[in-house]
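Note sheet for the following structure.
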Amino acid sequence: MNNMMSVLFAAGQESKLNELTLHRTTASLPFGGRYRLIDFTLSNIVNSGITQVGIIARSNYQSLMDHIRQGRDWDLNRKNSGIYVFPPFVYNSSKEVYKGKIEAIYSILSFILWSKEEYVLISNCNVAANIDIEKYYDLHIKNGAVITMLCYKGMTTSSSRIVIEKDADDKIVDIYETEYAGTEEKSVSLNMYIIKKDILINLVQKAYARGLVDLEKDILFKLVNEGKVCAYDVPEYAAIVDDVKTYYQESMNLLKYDVRKSLFGKEDRKIYTKVKDSVPTVYGEHAKVSNSLIADGCLIDGVVENSILFRSVHIAKGAVVKNSIVMEKGIVGENSSLQYAITDKDVEISADRNISGFITYPIVIVKGKKV
Amino acid sequence: MLSRRKECVAMLLAGGQGTRLGALTEETAKPAVPFGAKYRIIDFPISNTVNSGIDTIGVLTQYKPFELNQYIGNGQPWDLDRINGGAFILPPYQRGKTGEWYKGTANAIYQNISFIDSYDPDYVLILSGDHIYKMDYSKMLDKHKENKADCTIAVRNVPIEEASRFGIMNTRGNNEIFEFEEKPEKPKSTKASMGIYIFSWGKLRQYLIQDEENKNSSNDFGKNIIPMMLKDKQKLYAYEFDSYWKDVGTISSLWEANMDILNADSGINLNDKKWKIYSRNMAEPPQFVGDDAEVVHAMISEGCYVNGKVTNSIIYHGSTIEKGAEIKDSIIMSNTMIGANARISHAIIGWDCEVGENSVIGAPQKAPINGEWQIAVVGPKIKLERNSVLKEGEMLGGKINE
């Protein structure tokens with residue numbers, strides 16, 4: 001598909017991801033054993049044939065830059081088009097970084113203008129899903145809407161999510177933001193929008209001139225009121241990560257076969273990530289592993305149950321890891337136990353430690369700390 | 001001159017057919033045979049070359065080159081996609097009126113003289129794609145320069161009773177070679193050639209041309225070039241290497257070398273941050289180990305689903321081990337499915353295979369017979385129905401030509 005470019009927002013959910021985004025932006029949050037959250041969005045984009053990608057960073061984007069580099073791992077190191085990371089643009093007149101998505105898009109208007117594509121995909125980077133975006137581009141051309149929105153059938157949570165209701169023609173009739181954890185499935189926004197480039201530029205310029213900042217409330221909601229927005233629920237599994245609780249729950253959901261199948265089961269739509277040339281994982285004499293997702297480069301000689309181990313994690317003899325997420329290069333020492341915990345990169349749990357959170361409140365251990 | 005000059009250019013002889021690997025090399029050149037859960041044999045010499053600071057490598061292909069060409073590609077996984085230098089696949093080609101296959105190892109280099117000349121190197125490193133080892137060639141090159149040698153040959157000490165199976169270098173105290181004997185009946189030395197040579201390019205160039213003029217020559221380094229140079233009293237030195245090195249030319253040795261990486265004492269450590277072995281990566285998700293799995297003393301790669309019992313075994317990427325299956329002392333190559341309750345012992349199962357439920361492949365063994373393990377081999381892309389049986393030492397999908 002050569003007629004759609006994409007603009008991604010790397011930041012967004014930092015305030016609710018607490019320690020997990022202390023040193024990084026939401027897009028570069030490690031997820032699923034060997035990925036960063038942005039890998040899913042980027043892979044969807046690449047697998048749908050989009051080759052022009054702009055990523056707008058806001059703060060703490062060093063880890064993102066290190067992850068993306070020239071985009072080679074997603075085949076985006078192209079001569080024509082490719083990947084562009086935009087650090088925040090600070091105008092001479094103000095010392096502030098942009099306040100909302102409208103200002104952010106305004107700051108890269110020249111990039112959007114000179115891109116040859118006629119349509120734009122706008123997306124956050126906090127959804128792990130394997131979605132065929134091309135399909136929704138085709139639907140957008142057909143439905144005649146100003147904006148086509150991607151949603152999925154799911155629950156609202158205590159973190160703010162946008163919910164829509166639509167009519168039989170997929171036209172949105174109601175849209176609102178909620179922080180209420182509901183009990184029935186709704187059409188929840190994935191914060192992915194397809195829009196014609198000219199229209200986007202026009203809308204953003206007008207909104208910017210009037211001091212508006214919020215893409216959703218100041219532009220999208222108004223268009224919904226005018227009956228100009230369509231929405232589709234994607235049939236695939238979609239994990240929205242917007243706070244520590246959803247991060248933990250969605251990580252644990254990866255232990256379900258159907259979820260893994262929906263995310264990783266498509267031969268022609270793989271999820272790509274930065275290649276690290278780790279060795280395969282080695283299981284020692286005392287290893288006892290069950291129901292766990294394990295990345296390359298690990299050395300496991302202890303007990304691992306219902307857990308996710310990222311690359312190059314070391315679980316020593318006698319250690320017990322249950323219902324936990326151990327990020328890259330984590331070490332769990334001899335006879336230590338870890339339960340309902342999320343240990344960030346380079347965390348070392350010394351021997352004979354006992355760490356336990358609770359299923360509804362997993363304990364987070366900050367990057368690089370030694371316990 | 002097209003290229004900036006290089007001090008040393010590596011030439012990797014990757015045309016070997018590997019007939020003793022039978023089914024595994026039926027459709028694949030030996031250097032492309034998988035090794036160690038995610039690698040291929042050729043990853044070792046290429047990674048060694050790059051880690052030694054040599055950034056220009058010609059890969060000479062001949063037998064079933066397609067898979068190898070595809071695997072090497074532009075050399076990017078080894079950081080060899082360079083503006084100046086990098087990885088080059090060098091198949092035999094038509095030159096003017098003539099054109100022929102690579103007749104021997106030396107002829108393969110002879111046919112690529114102009115490639116090497118274009119980098120105007122001082123030295124040429126000759127490698128083969130048959131061995132598993134980690135070696136810093138820059139140290140060998142330093143020795144070569146220090147000795148002001150015309151040729152330096154890497155050797156390793158083998159037990160004297162095995163020496164008659166190798167090309168043996170007889171040396172003086174300072175490691176200068178005075179005689180070379182191919183598979184001597186009564187070996188005088190235990191220094192076996194590892195098939196790794198550094199030549200001063202000017203000298204080698206001259207001998208390659210001279211050798212090509214001799215119509216009776218087999219155009220082989222061991223048989224022709226080295227003896228010719230010794231006869232002419234050129235300066236040849238042995239370079240002793242005593243770390244892990246294994247020829248994986250036979251099914252038994254390929255199996256053993258795979259098992260060695262599970263054994264911390266074997267001397268091959270793949271998890272070495274300072275000497276990484278690079279390979280083309282497959283974008284597979286992390287492996288999943290199920291509720292009914294028992295995995296002990298094993299190496300498992302990405303994209304696997306393991307729900308059976310795996311002991312002392314190597315599972316390559318994308319494979320599935322169903323519930324109740326028992327894999328012991330075996331190698332399961334990539335994207336292979338082992339059905340429920342299958343029992344696999346002392347076996348190599350190729351890539352893209354399916355082993356049906358309740359099948360029994362191979363049999364447990366305590367020790368090799370006459371130095372050879374009786375490994376059962378299922379060749380690549382073979383689908384075995386349920387309840388299939390393959391006895392120890394048997395091979396499906398190809399045969400071994402000695």
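Lettering and numbering for the structure tokens are positional, with chains as A, B, ... in the shown order, residues counted from 1 in each chain, and ligands counted from 1 in the shown order.
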Distance filter 8 Å, only C-alpha atoms, chain B against chain A, as a PyMOL selection string: chain B and resi 37-38+262+270-271+276-279+281+283-302
Please produce a file of those selected residues containing N, CA and C atoms, as a PDB file, in the first residue's frame.
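Generated file (selection.pdb):
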```pdb
ATOM      1  N   ALA B  37      20.992 -24.979  17.832  1.00  0.00           N
ATOM      2  CA  ALA B  37      19.657 -24.424  18.118  1.00  0.00           C
ATOM      3  C   ALA B  37      19.273 -23.209  17.280  1.00  0.00           C
ATOM      4  N   LYS B  38      20.225 -22.405  16.830  1.00  0.00           N
ATOM      5  CA  LYS B  38      19.811 -21.294  15.981  1.00  0.00           C
ATOM      6  C   LYS B  38      20.825 -20.952  14.902  1.00  0.00           C
ATOM      7  N   LEU B 262      25.933 -28.087  25.311  1.00  0.00           N
ATOM      8  CA  LEU B 262      25.166 -28.241  26.551  1.00  0.00           C
ATOM      9  C   LEU B 262      26.083 -28.494  27.739  1.00  0.00           C
ATOM     10  N   LEU B 270      28.987 -20.489  23.827  1.00  0.00           N
ATOM     11  CA  LEU B 270      28.359 -19.607  22.833  1.00  0.00           C
ATOM     12  C   LEU B 270      27.926 -18.289  23.451  1.00  0.00           C
ATOM     13  N   ASN B 271      27.742 -18.309  24.787  1.00  0.00           N
ATOM     14  CA  ASN B 271      27.241 -17.114  25.463  1.00  0.00           C
ATOM     15  C   ASN B 271      28.409 -16.226  25.880  1.00  0.00           C
ATOM     16  N   LYS B 276      30.708 -12.885  20.121  1.00  0.00           N
ATOM     17  CA  LYS B 276      29.375 -13.369  19.760  1.00  0.00           C
ATOM     18  C   LYS B 276      29.407 -14.138  18.452  1.00  0.00           C
ATOM     19  N   ILE B 277      28.594 -15.146  18.370  1.00  0.00           N
ATOM     20  CA  ILE B 277      28.385 -15.818  17.093  1.00  0.00           C
ATOM     21  C   ILE B 277      27.094 -15.234  16.528  1.00  0.00           C
ATOM     22  N   TYR B 278      27.198 -14.652  15.347  1.00  0.00           N
ATOM     23  CA  TYR B 278      26.053 -14.000  14.730  1.00  0.00           C
ATOM     24  C   TYR B 278      25.360 -14.955  13.765  1.00  0.00           C
ATOM     25  N   SER B 279      24.068 -14.728  13.577  1.00  0.00           N
ATOM     26  CA  SER B 279      23.345 -15.558  12.623  1.00  0.00           C
ATOM     27  C   SER B 279      22.169 -14.759  12.098  1.00  0.00           C
ATOM     28  N   ASN B 281      18.564 -13.905  11.934  1.00  0.00           N
ATOM     29  CA  ASN B 281      17.499 -14.129  12.915  1.00  0.00           C
ATOM     30  C   ASN B 281      16.132 -14.237  12.243  1.00  0.00           C
ATOM     31  N   ALA B 283      12.822 -13.646  13.520  1.00  0.00           N
ATOM     32  CA  ALA B 283      11.633 -12.920  13.988  1.00  0.00           C
ATOM     33  C   ALA B 283      10.554 -13.858  14.541  1.00  0.00           C
ATOM     34  N   GLU B 284      10.982 -14.756  15.400  1.00  0.00           N
ATOM     35  CA  GLU B 284      10.033 -15.655  16.059  1.00  0.00           C
ATOM     36  C   GLU B 284       9.700 -15.087  17.441  1.00  0.00           C
ATOM     37  N   PRO B 285       8.494 -15.377  17.956  1.00  0.00           N
ATOM     38  CA  PRO B 285       8.170 -14.944  19.322  1.00  0.00           C
ATOM     39  C   PRO B 285       8.986 -15.742  20.338  1.00  0.00           C
ATOM     40  N   PRO B 286       8.932 -15.362  21.623  1.00  0.00           N
ATOM     41  CA  PRO B 286       9.642 -16.155  22.628  1.00  0.00           C
ATOM     42  C   PRO B 286       9.100 -17.584  22.665  1.00  0.00           C
ATOM     43  N   GLN B 287       9.882 -18.482  23.222  1.00  0.00           N
ATOM     44  CA  GLN B 287       9.416 -19.870  23.333  1.00  0.00           C
ATOM     45  C   GLN B 287       8.383 -19.969  24.446  1.00  0.00           C
ATOM     46  N   PHE B 288       7.484 -20.933  24.304  1.00  0.00           N
ATOM     47  CA  PHE B 288       6.488 -21.144  25.348  1.00  0.00           C
ATOM     48  C   PHE B 288       6.651 -22.546  25.914  1.00  0.00           C
ATOM     49  N   VAL B 289       6.753 -22.617  27.227  1.00  0.00           N
ATOM     50  CA  VAL B 289       6.896 -23.908  27.884  1.00  0.00           C
ATOM     51  C   VAL B 289       5.589 -24.182  28.624  1.00  0.00           C
ATOM     52  N   GLY B 290       4.929 -25.257  28.261  1.00  0.00           N
ATOM     53  CA  GLY B 290       3.577 -25.516  28.757  1.00  0.00           C
ATOM     54  C   GLY B 290       3.510 -26.160  30.124  1.00  0.00           C
ATOM     55  N   ASP B 291       2.274 -26.394  30.573  1.00  0.00           N
ATOM     56  CA  ASP B 291       2.017 -26.950  31.903  1.00  0.00           C
ATOM     57  C   ASP B 291       2.571 -28.351  32.094  1.00  0.00           C
ATOM     58  N   ASP B 292       2.605 -29.124  30.997  1.00  0.00           N
ATOM     59  CA  ASP B 292       3.022 -30.519  31.130  1.00  0.00           C
ATOM     60  C   ASP B 292       4.478 -30.721  30.738  1.00  0.00           C
ATOM     61  N   ALA B 293       5.206 -29.631  30.546  1.00  0.00           N
ATOM     62  CA  ALA B 293       6.591 -29.746  30.091  1.00  0.00           C
ATOM     63  C   ALA B 293       7.527 -30.086  31.240  1.00  0.00           C
ATOM     64  N   GLU B 294       8.581 -30.808  30.894  1.00  0.00           N
ATOM     65  CA  GLU B 294       9.698 -31.023  31.824  1.00  0.00           C
ATOM     66  C   GLU B 294      10.952 -30.812  31.007  1.00  0.00           C
ATOM     67  N   VAL B 295      11.614 -29.710  31.222  1.00  0.00           N
ATOM     68  CA  VAL B 295      12.791 -29.402  30.412  1.00  0.00           C
ATOM     69  C   VAL B 295      14.009 -29.313  31.321  1.00  0.00           C
ATOM     70  N   VAL B 296      14.943 -30.198  31.103  1.00  0.00           N
ATOM     71  CA  VAL B 296      16.140 -30.245  31.940  1.00  0.00           C
ATOM     72  C   VAL B 296      17.354 -30.408  31.048  1.00  0.00           C
ATOM     73  N   HIS B 297      18.401 -29.634  31.335  1.00  0.00           N
ATOM     74  CA  HIS B 297      19.656 -29.754  30.606  1.00  0.00           C
ATOM     75  C   HIS B 297      19.413 -29.716  29.100  1.00  0.00           C
ATOM     76  N   ALA B 298      18.924 -28.589  28.656  1.00  0.00           N
ATOM     77  CA  ALA B 298      18.552 -28.484  27.243  1.00  0.00           C
ATOM     78  C   ALA B 298      18.799 -27.072  26.753  1.00  0.00           C
ATOM     79  N   MET B 299      18.871 -26.946  25.439  1.00  0.00           N
ATOM     80  CA  MET B 299      18.961 -25.625  24.832  1.00  0.00           C
ATOM     81  C   MET B 299      17.793 -25.497  23.864  1.00  0.00           C
ATOM     82  N   ILE B 300      17.021 -24.418  24.028  1.00  0.00           N
ATOM     83  CA  ILE B 300      15.814 -24.266  23.218  1.00  0.00           C
ATOM     84  C   ILE B 300      15.787 -22.866  22.627  1.00  0.00           C
ATOM     85  N   SER B 301      15.421 -22.787  21.363  1.00  0.00           N
ATOM     86  CA  SER B 301      15.450 -21.499  20.679  1.00  0.00           C
ATOM     87  C   SER B 301      14.059 -20.869  20.595  1.00  0.00           C
ATOM     88  N   GLU B 302      14.015 -19.705  19.960  1.00  0.00           N
ATOM     89  CA  GLU B 302      12.786 -18.916  19.887  1.00  0.00           C
ATOM     90  C   GLU B 302      11.684 -19.620  19.097  1.00  0.00           C
TER      91      GLU B 302
END
```
Per-residue DSSP, range 214-335 of chain A, filtered to alpha helix (DSSP H), as a list in words: Phe221, Lys222, Leu223, Val224, Asn225, Val244, Lys245, Thr246, Tyr247, Tyr248, Gln249, Glu250, Ser251, Met252, Asn253, Tyr257, Asp258, Val259, Arg260, Lys261, Ser262, Leu263 and Phe264 of chain A
When DSSP works through the backbone of this structure, what residues of range 100-318 of chain A end up as strand (DSSP E), shown as a compact mmCIF listing (two decimals) with N, CA, C and O atoms, in the first residue's frame?
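Wrote result_14.txt, looks like this:
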```txt
# COMPACT_ATOMS: atom_id res chain seq x y z
N TYR A 119 -2.87 9.61 2.24
CA TYR A 119 -3.57 9.30 3.48
C TYR A 119 -2.59 9.14 4.63
O TYR A 119 -1.40 8.84 4.40
N VAL A 120 -3.11 9.31 5.84
CA VAL A 120 -2.26 9.20 7.02
C VAL A 120 -2.90 8.25 8.03
O VAL A 120 -4.10 8.32 8.27
N LEU A 121 -2.07 7.38 8.59
CA LEU A 121 -2.51 6.60 9.76
C LEU A 121 -1.91 7.28 10.98
O LEU A 121 -0.70 7.49 11.05
N ILE A 122 -2.77 7.65 11.94
CA ILE A 122 -2.28 8.25 13.17
C ILE A 122 -2.50 7.24 14.28
O ILE A 122 -3.58 6.67 14.41
N SER A 123 -1.46 7.00 15.07
CA SER A 123 -1.60 5.94 16.07
C SER A 123 -0.76 6.22 17.30
O SER A 123 0.31 6.82 17.22
N ASN A 124 -1.23 5.75 18.45
CA ASN A 124 -0.40 5.68 19.63
C ASN A 124 0.50 4.45 19.50
O ASN A 124 0.37 3.68 18.56
N VAL A 127 -0.50 -0.26 21.94
CA VAL A 127 -1.39 -1.38 21.68
C VAL A 127 -0.57 -2.55 21.11
O VAL A 127 0.17 -2.37 20.15
N ALA A 128 -0.71 -3.71 21.73
CA ALA A 128 -0.08 -4.91 21.18
C ALA A 128 -1.17 -5.71 20.48
O ALA A 128 -2.09 -6.21 21.13
N ALA A 129 -1.08 -5.74 19.15
CA ALA A 129 -2.07 -6.47 18.36
C ALA A 129 -1.45 -6.75 17.01
O ALA A 129 -0.45 -6.14 16.65
N ILE A 147 -12.86 10.64 9.14
CA ILE A 147 -11.92 9.82 9.91
C ILE A 147 -12.49 8.41 10.06
O ILE A 147 -13.68 8.24 10.31
N THR A 148 -11.62 7.40 9.89
CA THR A 148 -12.01 6.03 10.23
C THR A 148 -11.19 5.63 11.44
O THR A 148 -9.97 5.81 11.48
N MET A 149 -11.88 5.13 12.44
CA MET A 149 -11.26 4.80 13.72
C MET A 149 -11.21 3.30 13.91
O MET A 149 -12.15 2.61 13.55
N LEU A 150 -10.13 2.80 14.50
CA LEU A 150 -10.07 1.38 14.82
C LEU A 150 -10.38 1.16 16.31
O LEU A 150 -9.82 1.85 17.16
N CYS A 151 -11.27 0.23 16.58
CA CYS A 151 -11.64 -0.08 17.95
C CYS A 151 -11.55 -1.59 18.15
O CYS A 151 -11.31 -2.33 17.21
N TYR A 152 -11.73 -2.03 19.38
CA TYR A 152 -11.88 -3.46 19.60
C TYR A 152 -12.93 -3.67 20.67
O TYR A 152 -13.20 -2.78 21.48
N LYS A 153 -13.52 -4.83 20.68
CA LYS A 153 -14.54 -5.15 21.68
C LYS A 153 -13.84 -5.54 22.97
O LYS A 153 -13.16 -6.56 23.04
N GLY A 154 -13.94 -4.69 23.97
CA GLY A 154 -13.27 -5.00 25.22
C GLY A 154 -13.86 -4.21 26.36
O GLY A 154 -14.85 -3.51 26.21
N ARG A 161 -10.19 5.52 28.82
CA ARG A 161 -10.28 4.99 27.47
C ARG A 161 -11.46 5.63 26.76
O ARG A 161 -12.44 6.03 27.40
N ILE A 162 -11.36 5.70 25.44
CA ILE A 162 -12.44 6.28 24.67
C ILE A 162 -13.37 5.17 24.17
O ILE A 162 -12.90 4.16 23.64
N VAL A 163 -14.66 5.37 24.40
CA VAL A 163 -15.65 4.36 24.04
C VAL A 163 -16.57 4.96 22.98
O VAL A 163 -16.86 6.16 23.01
N ILE A 164 -16.99 4.13 22.03
CA ILE A 164 -17.90 4.64 20.99
C ILE A 164 -19.14 3.76 20.88
O ILE A 164 -19.15 2.60 21.30
N GLU A 165 -20.17 4.37 20.33
CA GLU A 165 -21.33 3.59 19.90
C GLU A 165 -21.57 3.95 18.45
O GLU A 165 -21.41 5.09 18.05
N LYS A 166 -21.95 2.94 17.66
CA LYS A 166 -22.12 3.23 16.23
C LYS A 166 -23.42 2.63 15.71
O LYS A 166 -24.01 1.74 16.34
N ILE A 172 -20.21 6.50 13.76
CA ILE A 172 -20.23 6.69 15.21
C ILE A 172 -21.35 7.64 15.59
O ILE A 172 -21.47 8.73 15.03
N VAL A 173 -22.19 7.22 16.54
CA VAL A 173 -23.28 8.09 16.99
C VAL A 173 -23.00 8.68 18.37
O VAL A 173 -23.57 9.68 18.75
N ASP A 174 -22.12 8.03 19.12
CA ASP A 174 -21.76 8.60 20.42
C ASP A 174 -20.31 8.26 20.72
O ASP A 174 -19.81 7.19 20.37
N ILE A 175 -19.63 9.18 21.36
CA ILE A 175 -18.23 8.96 21.73
C ILE A 175 -17.97 9.66 23.04
O ILE A 175 -18.44 10.78 23.27
N TYR A 176 -17.27 8.97 23.94
CA TYR A 176 -16.96 9.60 25.24
C TYR A 176 -15.74 8.93 25.85
O TYR A 176 -15.37 7.81 25.51
N GLU A 177 -15.15 9.66 26.78
CA GLU A 177 -13.98 9.14 27.49
C GLU A 177 -14.45 8.69 28.86
O GLU A 177 -15.27 9.36 29.49
N THR A 178 -13.96 7.54 29.31
CA THR A 178 -14.40 7.07 30.63
C THR A 178 -13.23 6.51 31.43
O THR A 178 -12.28 5.96 30.88
N LYS A 186 -17.47 -3.14 25.40
CA LYS A 186 -17.83 -1.98 24.61
C LYS A 186 -16.86 -1.89 23.43
O LYS A 186 -15.83 -2.55 23.41
N SER A 187 -17.21 -1.01 22.48
CA SER A 187 -16.23 -0.72 21.44
C SER A 187 -15.25 0.31 21.98
O SER A 187 -15.60 1.47 22.16
N VAL A 188 -14.04 -0.16 22.29
CA VAL A 188 -13.03 0.71 22.90
C VAL A 188 -12.03 1.15 21.82
O VAL A 188 -11.58 0.33 21.03
N SER A 189 -11.73 2.44 21.82
CA SER A 189 -10.82 2.98 20.80
C SER A 189 -9.41 2.45 20.96
O SER A 189 -8.89 2.35 22.07
N LEU A 190 -8.78 2.10 19.84
CA LEU A 190 -7.37 1.72 19.85
C LEU A 190 -6.48 2.92 19.55
O LEU A 190 -5.27 2.78 19.37
N ASN A 191 -7.11 4.10 19.46
CA ASN A 191 -6.38 5.32 19.14
C ASN A 191 -5.62 5.22 17.83
O ASN A 191 -4.48 5.68 17.71
N MET A 192 -6.24 4.58 16.85
CA MET A 192 -5.67 4.51 15.51
C MET A 192 -6.69 5.12 14.56
O MET A 192 -7.85 4.70 14.54
N TYR A 193 -6.23 6.12 13.81
CA TYR A 193 -7.15 6.83 12.92
C TYR A 193 -6.59 6.87 11.51
O TYR A 193 -5.39 7.04 11.31
N ILE A 194 -7.50 6.74 10.55
CA ILE A 194 -7.11 6.91 9.15
C ILE A 194 -7.80 8.17 8.64
O ILE A 194 -9.01 8.35 8.83
N ILE A 195 -7.03 9.04 8.02
CA ILE A 195 -7.58 10.31 7.56
C ILE A 195 -6.81 10.76 6.32
O ILE A 195 -5.63 10.45 6.17
N LYS A 196 -7.50 11.50 5.45
CA LYS A 196 -6.84 12.02 4.26
C LYS A 196 -5.89 13.14 4.69
O LYS A 196 -6.20 13.95 5.55
N VAL A 229 -17.52 10.40 11.25
CA VAL A 229 -16.51 9.43 11.66
C VAL A 229 -17.10 8.02 11.67
O VAL A 229 -18.19 7.80 12.18
N CYS A 230 -16.38 7.10 11.05
CA CYS A 230 -16.77 5.69 11.09
C CYS A 230 -15.81 4.91 11.98
O CYS A 230 -14.67 5.34 12.21
N ALA A 231 -16.26 3.78 12.48
CA ALA A 231 -15.39 2.95 13.31
C ALA A 231 -15.61 1.48 13.00
O ALA A 231 -16.70 1.08 12.59
N TYR A 232 -14.54 0.70 13.19
CA TYR A 232 -14.62 -0.75 13.01
C TYR A 232 -13.96 -1.42 14.19
O TYR A 232 -12.93 -0.97 14.68
N ASP A 233 -14.56 -2.52 14.64
CA ASP A 233 -13.93 -3.33 15.68
C ASP A 233 -13.02 -4.34 15.01
O ASP A 233 -13.47 -5.12 14.16
N ALA A 238 -6.45 -7.54 20.96
CA ALA A 238 -5.73 -6.28 21.12
C ALA A 238 -5.48 -6.02 22.59
O ALA A 238 -6.41 -6.06 23.40
N ALA A 239 -4.23 -5.79 22.94
CA ALA A 239 -3.88 -5.48 24.32
C ALA A 239 -3.54 -4.00 24.41
O ALA A 239 -2.59 -3.55 23.80
N ILE A 240 -4.36 -3.25 25.15
CA ILE A 240 -4.04 -1.85 25.37
C ILE A 240 -3.30 -1.74 26.70
O ILE A 240 -3.77 -2.24 27.72
N THR A 281 18.09 -20.22 24.74
CA THR A 281 17.99 -20.36 26.20
C THR A 281 18.46 -21.74 26.66
O THR A 281 18.19 -22.74 26.01
N VAL A 282 19.16 -21.73 27.78
CA VAL A 282 19.69 -22.98 28.31
C VAL A 282 18.97 -23.33 29.62
O VAL A 282 18.82 -22.48 30.50
N TYR A 283 18.51 -24.57 29.70
CA TYR A 283 17.86 -25.08 30.91
C TYR A 283 18.84 -25.99 31.64
O TYR A 283 19.39 -26.91 31.04
N LYS A 288 12.84 -26.19 36.36
CA LYS A 288 11.47 -26.73 36.41
C LYS A 288 10.58 -25.59 35.92
O LYS A 288 10.28 -24.67 36.66
N VAL A 289 10.21 -25.67 34.66
CA VAL A 289 9.52 -24.55 34.04
C VAL A 289 8.15 -24.99 33.55
O VAL A 289 8.02 -26.05 32.93
N SER A 290 7.13 -24.20 33.84
CA SER A 290 5.83 -24.52 33.25
C SER A 290 5.04 -23.25 32.98
O SER A 290 5.21 -22.23 33.65
N SER A 292 5.09 -20.82 30.86
CA SER A 292 5.86 -19.57 30.85
C SER A 292 6.34 -19.24 29.45
O SER A 292 6.56 -20.12 28.63
N LEU A 293 6.49 -17.95 29.22
CA LEU A 293 6.97 -17.43 27.95
C LEU A 293 8.41 -16.98 28.17
O LEU A 293 8.67 -16.16 29.04
N ILE A 294 9.32 -17.54 27.37
CA ILE A 294 10.73 -17.34 27.68
C ILE A 294 11.50 -16.91 26.44
O ILE A 294 11.47 -17.58 25.40
N LEU A 299 19.27 -18.28 31.17
CA LEU A 299 19.92 -19.41 31.81
C LEU A 299 19.02 -19.75 33.00
O LEU A 299 18.90 -18.96 33.93
N ILE A 300 18.35 -20.89 32.93
CA ILE A 300 17.35 -21.20 33.94
C ILE A 300 17.75 -22.46 34.69
O ILE A 300 17.89 -23.53 34.09
N VAL A 303 12.96 -22.70 39.47
CA VAL A 303 11.55 -22.97 39.17
C VAL A 303 10.93 -21.71 38.55
O VAL A 303 11.07 -20.62 39.09
N VAL A 304 10.26 -21.88 37.42
CA VAL A 304 9.58 -20.75 36.78
C VAL A 304 8.16 -21.18 36.42
O VAL A 304 7.98 -22.17 35.70
N GLU A 305 7.19 -20.47 36.96
CA GLU A 305 5.79 -20.83 36.72
C GLU A 305 5.00 -19.60 36.33
O GLU A 305 5.14 -18.55 36.95
N ILE A 308 6.89 -14.53 32.68
CA ILE A 308 7.48 -14.09 31.42
C ILE A 308 8.92 -13.69 31.69
O ILE A 308 9.19 -12.84 32.54
N LEU A 309 9.85 -14.35 30.99
CA LEU A 309 11.26 -13.99 31.13
C LEU A 309 11.72 -13.33 29.84
O LEU A 309 11.56 -13.89 28.76
N HIS A 314 18.71 -14.61 34.18
CA HIS A 314 19.34 -15.74 34.86
C HIS A 314 18.55 -16.11 36.11
O HIS A 314 18.42 -15.30 37.02
N ILE A 315 18.01 -17.31 36.13
CA ILE A 315 17.29 -17.80 37.31
C ILE A 315 18.17 -18.87 37.94
O ILE A 315 18.36 -19.95 37.38
```
Contacts of Val155 in chain B within 9 Å, only C-alpha atoms, excl. fewer than 6 positions in-chain, as a count of residues only: 13
Distance query Thr56 in chain B at most 6 Å, only C-alpha atoms, self and fewer than 2 positions along chain excluded, as a list in words: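 The filter keeps Val9, Ile54, Gly85 and Gly86 of chain B.
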Any chance you can output those residues with N, CA, C and O atoms as a JSON list (two decimals), in the first residue's frame?
```json
[["chain", "number", "residue", "atom", "x", "y", "z"],
["B", 9, "VAL", "N", 42.24, -10.25, 3.41],
["B", 9, "VAL", "CA", 40.95, -10.64, 2.86],
["B", 9, "VAL", "C", 40.73, -12.11, 3.21],
["B", 9, "VAL", "O", 41.65, -12.92, 3.11],
["B", 54, "ILE", "N", 38.43, -8.54, 10.43],
["B", 54, "ILE", "CA", 38.54, -8.65, 8.97],
["B", 54, "ILE", "C", 37.15, -8.42, 8.39],
["B", 54, "ILE", "O", 36.20, -9.10, 8.78],
["B", 85, "GLY", "N", 34.25, -3.28, 1.05],
["B", 85, "GLY", "CA", 34.41, -4.63, 1.58],
["B", 85, "GLY", "C", 33.05, -5.25, 1.86],
["B", 85, "GLY", "O", 32.06, -4.87, 1.25],
["B", 86, "GLY", "N", 33.02, -6.21, 2.78],
["B", 86, "GLY", "CA", 31.77, -6.88, 3.10],
["B", 86, "GLY", "C", 31.80, -8.33, 2.67],
["B", 86, "GLY", "O", 32.86, -8.91, 2.46]]
```
Neighbour list for range 74-84 of chain A as a list in words, cut-off 8 Å, only C-alpha atoms, skip fewer than 3 positions in-chain: Leu42, Ser43, Val46, Thr51, Gln52, Val53, Gly54, Ile55, Gln70, Gly71, Tyr272 and Thr273 of chain A
Based on the selection just made, write C-alpha atoms of those residues as a short mmCIF file (atom, residue, chain, number, x, y, z; two decimals), in the first residue's frame.
```
data_model
loop_
_atom_site.label_atom_id
_atom_site.label_comp_id
_atom_site.auth_asym_id
_atom_site.auth_seq_id
_atom_site.Cartn_x
_atom_site.Cartn_y
_atom_site.Cartn_z
CA LEU A 42 5.56 -0.76 13.61
CA SER A 43 5.18 -4.36 12.43
CA VAL A 46 5.25 -2.54 7.71
CA THR A 51 6.89 2.59 4.24
CA GLN A 52 6.78 6.19 5.42
CA VAL A 53 6.77 6.38 9.22
CA GLY A 54 7.15 9.43 11.44
CA ILE A 55 7.48 8.92 15.18
CA GLN A 70 17.69 3.39 11.31
CA GLY A 71 14.68 1.09 11.31
CA TYR A 272 9.65 -7.68 14.25
CA THR A 273 11.96 -6.32 16.89
#
```
